[in-house]
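Student: Provided herewith: run-v3.pdb, PDB, C-alpha atoms.
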ATOM      1  CA  MET A 133     -45.016-323.885 169.744
ATOM      2  CA  THR A 134     -45.231-321.902 166.519
ATOM      3  CA  THR A 135     -48.738-321.250 165.298
ATOM      4  CA  LEU A 136     -49.728-321.689 161.673
ATOM      5  CA  ALA A 137     -50.030-317.900 161.352
ATOM      6  CA  ALA A 138     -46.607-317.210 162.890
ATOM      7  CA  GLY A 139     -44.943-319.849 160.734
ATOM      8  CA  THR A 140     -46.627-318.525 157.609
ATOM      9  CA  ILE A 141     -45.599-314.943 158.387
ATOM     10  CA  ALA A 142     -42.001-316.046 158.984
ATOM     11  CA  ALA A 143     -42.015-317.882 155.646
ATOM     12  CA  LEU A 144     -43.427-314.803 153.901
ATOM     13  CA  ARG A 145     -40.651-312.666 155.410
ATOM     14  CA  SER A 146     -38.005-315.089 154.191
ATOM     15  CA  GLU A 147     -39.493-315.285 150.687
ATOM     16  CA  HIS A 148     -39.869-311.498 150.536
ATOM     17  CA  ASP A 149     -36.248-310.959 151.545
ATOM     18  CA  THR A 150     -35.092-313.448 148.899
ATOM     19  CA  LEU A 151     -37.230-311.830 146.186
ATOM     20  CA  ALA A 152     -36.103-308.308 147.157
ATOM     21  CA  ALA A 153     -32.457-309.364 146.907
ATOM     22  CA  ALA A 154     -33.076-310.944 143.501
ATOM     23  CA  ALA A 155     -34.999-307.896 142.264
ATOM     24  CA  ALA A 156     -31.990-305.708 142.972
ATOM     25  CA  THR A 157     -29.924-307.703 140.476
ATOM     26  CA  ILE A 158     -32.394-307.870 137.572
ATOM     27  CA  SER A 159     -31.641-305.628 134.597
ATOM     28  CA  PRO A 160     -34.296-303.627 132.712
ATOM     29  CA  ASP A 161     -33.878-305.999 129.761
ATOM     30  CA  GLN A 162     -34.420-309.025 132.006
ATOM     31  CA  LEU A 163     -37.594-307.431 133.400
ATOM     32  CA  LYS A 164     -38.976-307.286 129.870
ATOM     33  CA  GLY A 165     -37.937-310.865 129.133
ATOM     34  CA  PRO A 166     -39.868-314.085 129.590
ATOM     35  CA  SER A 167     -40.604-315.530 133.004
ATOM     36  CA  GLY A 168     -41.467-319.029 134.126
ATOM     37  CA  ALA A 169     -45.119-318.136 133.482
ATOM     38  CA  SER A 170     -45.488-318.769 129.753
ATOM     39  CA  ASP A 171     -47.445-315.615 128.898
ATOM     40  CA  TRP A 172     -45.868-313.149 131.362
ATOM     41  CA  THR A 173     -42.678-311.157 131.431
ATOM     42  CA  VAL A 174     -40.604-311.036 134.610
ATOM     43  CA  ALA A 175     -42.037-307.557 135.286
ATOM     44  CA  GLN A 176     -45.581-308.889 134.971
ATOM     45  CA  VAL A 177     -44.798-311.519 137.603
ATOM     46  CA  PHE A 178     -43.579-308.738 139.893
ATOM     47  CA  SER A 179     -46.796-306.849 139.101
ATOM     48  CA  HIS A 180     -48.866-309.893 140.031
ATOM     49  CA  LEU A 181     -47.047-310.263 143.345
ATOM     50  CA  GLY A 182     -47.216-306.552 144.154
ATOM     51  CA  SER A 183     -50.883-306.173 143.310
ATOM     52  CA  GLY A 184     -51.662-309.321 145.287
ATOM     53  CA  ALA A 185     -49.854-307.900 148.300
ATOM     54  CA  GLU A 186     -51.800-304.638 147.986
ATOM     55  CA  ILE A 187     -55.121-306.502 147.765
ATOM     56  CA  THR A 188     -54.196-308.740 150.699
ATOM     57  CA  LEU A 189     -53.169-305.737 152.801
ATOM     58  CA  ALA A 190     -56.553-304.112 152.180
ATOM     59  CA  ALA A 191     -58.269-307.359 153.198
ATOM     60  CA  LEU A 192     -56.114-307.542 156.340
ATOM     61  CA  LYS A 193     -56.931-303.939 157.286
ATOM     62  CA  ALA A 194     -60.632-304.643 156.719
ATOM     63  CA  GLY A 195     -60.371-307.786 158.854
ATOM     64  CA  LEU A 196     -58.796-305.687 161.607
ATOM     65  CA  GLY A 197     -61.580-303.114 161.323
ATOM     66  CA  GLU A 198     -59.152-300.379 160.227
ATOM     67  CA  ILE A 199     -60.884-299.743 156.891
ATOM     68  CA  GLU A 200     -64.127-300.653 155.204
ATOM     69  CA  LYS A 201     -64.143-303.901 153.265
ATOM     70  CA  PRO A 202     -63.060-303.104 149.693
ATOM     71  CA  GLY A 203     -66.042-302.984 147.380
ATOM     72  CA  PRO A 204     -66.768-304.605 144.052
ATOM     73  CA  GLY A 205     -64.231-303.652 141.455
ATOM     74  CA  PHE A 206     -61.458-302.981 143.980
ATOM     75  CA  ASN A 207     -59.244-305.844 142.833
ATOM     76  CA  GLN A 208     -59.687-304.911 139.169
ATOM     77  CA  SER A 209     -58.794-301.278 139.892
ATOM     78  CA  VAL A 210     -55.597-302.420 141.619
ATOM     79  CA  TRP A 211     -54.697-304.723 138.717
ATOM     80  CA  ASP A 212     -55.391-301.980 136.169
ATOM     81  CA  ARG A 213     -53.116-299.543 138.020
ATOM     82  CA  TRP A 214     -50.314-302.094 138.300
ATOM     83  CA  ASN A 215     -50.657-303.145 134.662
ATOM     84  CA  ALA A 216     -50.164-299.511 133.594
ATOM     85  CA  LEU A 217     -46.783-299.230 135.372
ATOM     86  CA  SER A 218     -43.455-299.493 133.573
ATOM     87  CA  PRO A 219     -41.559-302.776 134.038
ATOM     88  CA  GLU A 220     -39.094-301.049 136.371
ATOM     89  CA  ASP A 221     -41.919-299.586 138.461
ATOM     90  CA  GLN A 222     -43.677-302.961 138.591
ATOM     91  CA  ALA A 223     -40.558-304.562 140.054
ATOM     92  CA  ALA A 224     -39.761-301.767 142.514
ATOM     93  CA  GLY A 225     -43.420-301.374 143.509
ATOM     94  CA  SER A 226     -43.738-305.098 144.088
ATOM     95  CA  VAL A 227     -40.840-305.136 146.527
ATOM     96  CA  GLU A 228     -42.300-302.125 148.365
ATOM     97  CA  SER A 229     -45.871-303.474 148.412
ATOM     98  CA  ASN A 230     -44.774-306.857 149.709
ATOM     99  CA  ALA A 231     -42.544-305.247 152.365
ATOM    100  CA  THR A 232     -45.531-303.258 153.608
ATOM    101  CA  LEU A 233     -47.724-306.364 153.753
ATOM    102  CA  VAL A 234     -45.120-308.467 155.556
ATOM    103  CA  ALA A 235     -44.490-305.685 158.087
ATOM    104  CA  ALA A 236     -48.231-305.416 158.757
ATOM    105  CA  LEU A 237     -48.473-309.171 159.272
ATOM    106  CA  GLU A 238     -45.438-309.151 161.568
ATOM    107  CA  ALA A 239     -47.109-306.439 163.670
ATOM    108  CA  LEU A 240     -50.075-308.675 164.492
ATOM    109  CA  THR A 241     -50.300-309.852 168.070
ATOM    110  CA  PRO A 242     -50.491-313.557 168.947
ATOM    111  CA  GLU A 243     -54.137-312.970 169.842
ATOM    112  CA  GLN A 244     -54.777-311.534 166.387
ATOM    113  CA  HIS A 245     -53.122-314.608 164.874
ATOM    114  CA  GLU A 246     -56.010-316.562 166.355
ATOM    115  CA  SER A 247     -58.857-314.146 165.669
ATOM    116  CA  VAL A 248     -58.306-312.200 162.443
ATOM    117  CA  GLN A 249     -59.914-313.513 159.299
ATOM    118  CA  ILE A 250     -58.950-312.314 155.832
ATOM    119  CA  ASN A 251     -60.999-312.426 152.653
ATOM    120  CA  PRO A 252     -59.024-311.169 149.644
ATOM    121  CA  GLY A 253     -62.281-310.635 147.769
ATOM    122  CA  PHE A 254     -62.413-313.652 145.498
ATOM    123  CA  LEU A 255     -63.302-316.331 148.054
ATOM    124  CA  PRO A 256     -66.809-317.129 149.280
ATOM    125  CA  GLN A 257     -65.760-316.613 152.902
ATOM    126  CA  ALA A 258     -62.864-315.305 154.966
ATOM    127  CA  ILE A 259     -59.815-317.435 155.708
ATOM    128  CA  PRO A 260     -59.138-318.020 159.406
ATOM    129  CA  SER A 261     -55.565-317.345 160.468
ATOM    130  CA  HIS A 262     -55.417-320.432 162.650
ATOM    131  CA  ARG A 263     -55.981-324.151 162.213
ATOM    132  CA  SER A 264     -59.422-325.444 162.940
ATOM    133  CA  PRO A 265     -59.659-328.274 165.460
ATOM    134  CA  ALA A 266     -59.632-331.728 163.932
ATOM    135  CA  PRO A 267     -63.128-333.146 163.437
ATOM    136  CA  GLY A 268     -64.300-335.766 165.807
TER     137      GLY A 268
END
Mind converting the file's structure to structure tokens?
Tutor:
Amino acid sequence: MTTLAAGTIAALRSEHDTLAAAAATISPDQLKGPSGASDWTVAQVFSHLGSGAEITLAALKAGLGEIEKPGPGFNQSVWDRWNALSPEDQAAGSVESNATLVAALEALTPEQHESVQINPGFLPQAIPSHRSPAPG
């Protein structure tokens, strides 16, 4: 039986691999062009994904007890750094940041799938990595 965490990690790997392959074919002009998000360029979408992966990785490491929980302003500092990158660096950095996150998630043990909780910093409480039992 595949757990929710294992299935989610496998889906993230597949989506990452697809995005990385697509990123390799995008020209600098396309990076500066419009995306499906009405106010963002393609590069800004990459920036959003890369910064989100970096923030999530920090939350994962904090949930594992490897680092202190990121403090107030952490997310904004990550976004500011990513926003300052060139379009090409946003795309390349996004692929790298997401690869690092997916690899860290793939390294979790089945026991950690059931015990680790992640709070990316904008939720009122951590997200469990497993399904809660049905009420009743």
Student: Could you check how far atom CA of A:Leu233 sits from atom CA of A:Glu147, in Å to one decimal?
Tutor: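 Atom-to-atom, atom CA of A:Leu233 and atom CA of A:Glu147 are spaced 12.5 Å apart.
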Student: Counting only C-alpha atoms, what is within 10 Å of stretch 158-161 of chain A, bar same-chain residues fewer than 6 positions away, as a compact mmCIF listing (two decimals) with C-alpha atoms, in the coordinates of the input?
Tutor:
# COMPACT_ATOMS: atom_id res chain seq x y z
CA VAL A 174 -40.60 -311.04 134.61
CA ALA A 175 -42.04 -307.56 135.29
CA PRO A 219 -41.56 -302.78 134.04
CA GLU A 220 -39.09 -301.05 136.37
CA ALA A 223 -40.56 -304.56 140.05
Student: Give the answer as one residue: which of A:Val210, A:Leu144, A:Leu240, A:Ile199 has the shortest atom-to-atom distance to A:Gly182, using all atoms listed in the file?
Tutor: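 Among A:Val210, A:Leu144, A:Leu240, A:Ile199, it is A:Val210 that comes nearest to A:Gly182.
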Student: Compare A:Leu136, A:Ala224, A:Ala216, A:Lys201 by their minimum atom-to-atom distance to A:Thr157, counting all atoms listed in the file, and give me the closest one.
Tutor: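 Going through A:Leu136, A:Ala224, A:Ala216, A:Lys201 one by one, the smallest distance to A:Thr157 is for A:Ala224.
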Student: What's the separation between atom CA of A:Leu181 and atom CA of A:Gln222, in Å to one decimal place?
Tutor: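 Straight-line distance from atom CA of A:Leu181 to atom CA of A:Gln222 works out to 9.3 Å.
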Student: Suppose you want the space between atom CA of A:Pro166 and atom CA of A:Gly205; what is it in Å?
Tutor: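 For atom CA of A:Pro166 relative to atom CA of A:Gly205, the distance reads 29.0 Å.
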Student: Anything within 10 Å of (-53.9, -302.6, 139.2): list those residues as a PyMOL selection string, counting only C-alpha atoms and sticking to the file's coordinates.
Tutor: chain A and resi 179-180+182-184+186-187+206-217
Student: Given the choices A:Ala142, A:Ile250, A:Ala235, A:Leu151, which gets closest to A:Leu196 if the distance is worked out from all atoms listed in the file?
Tutor: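 Closest candidate: A:Ile250.
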Student: With only C-alpha atoms as the atoms that count, which of A:Glu243, A:Glu198, A:Val227, A:Thr173 lies nearest to A:Ala154?
Tutor: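 Using only C-alpha atoms, A:Ala154 sits closest to A:Val227.
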Student: Every residue with an atom at most 9 Å from (-48.9, -314.1, 153.3) (file coordinates; all atoms listed in the file) is what I'm after, so could you write them as a list of chain:residue names?
Tutor: A:Ala137, A:Thr140, A:Ile141, A:Ala143, A:Leu144, A:Arg145, A:Ala185, A:Thr188, A:Leu233, A:Val234, A:Leu237
Student: Rank nothing, just name the residue among A:Gln176, A:Gln249, A:Ser167, A:Gln244 nearest to A:Thr135, using all atoms listed in the file.
Tutor: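 Of all the options, A:Gln244 lies closest to A:Thr135.
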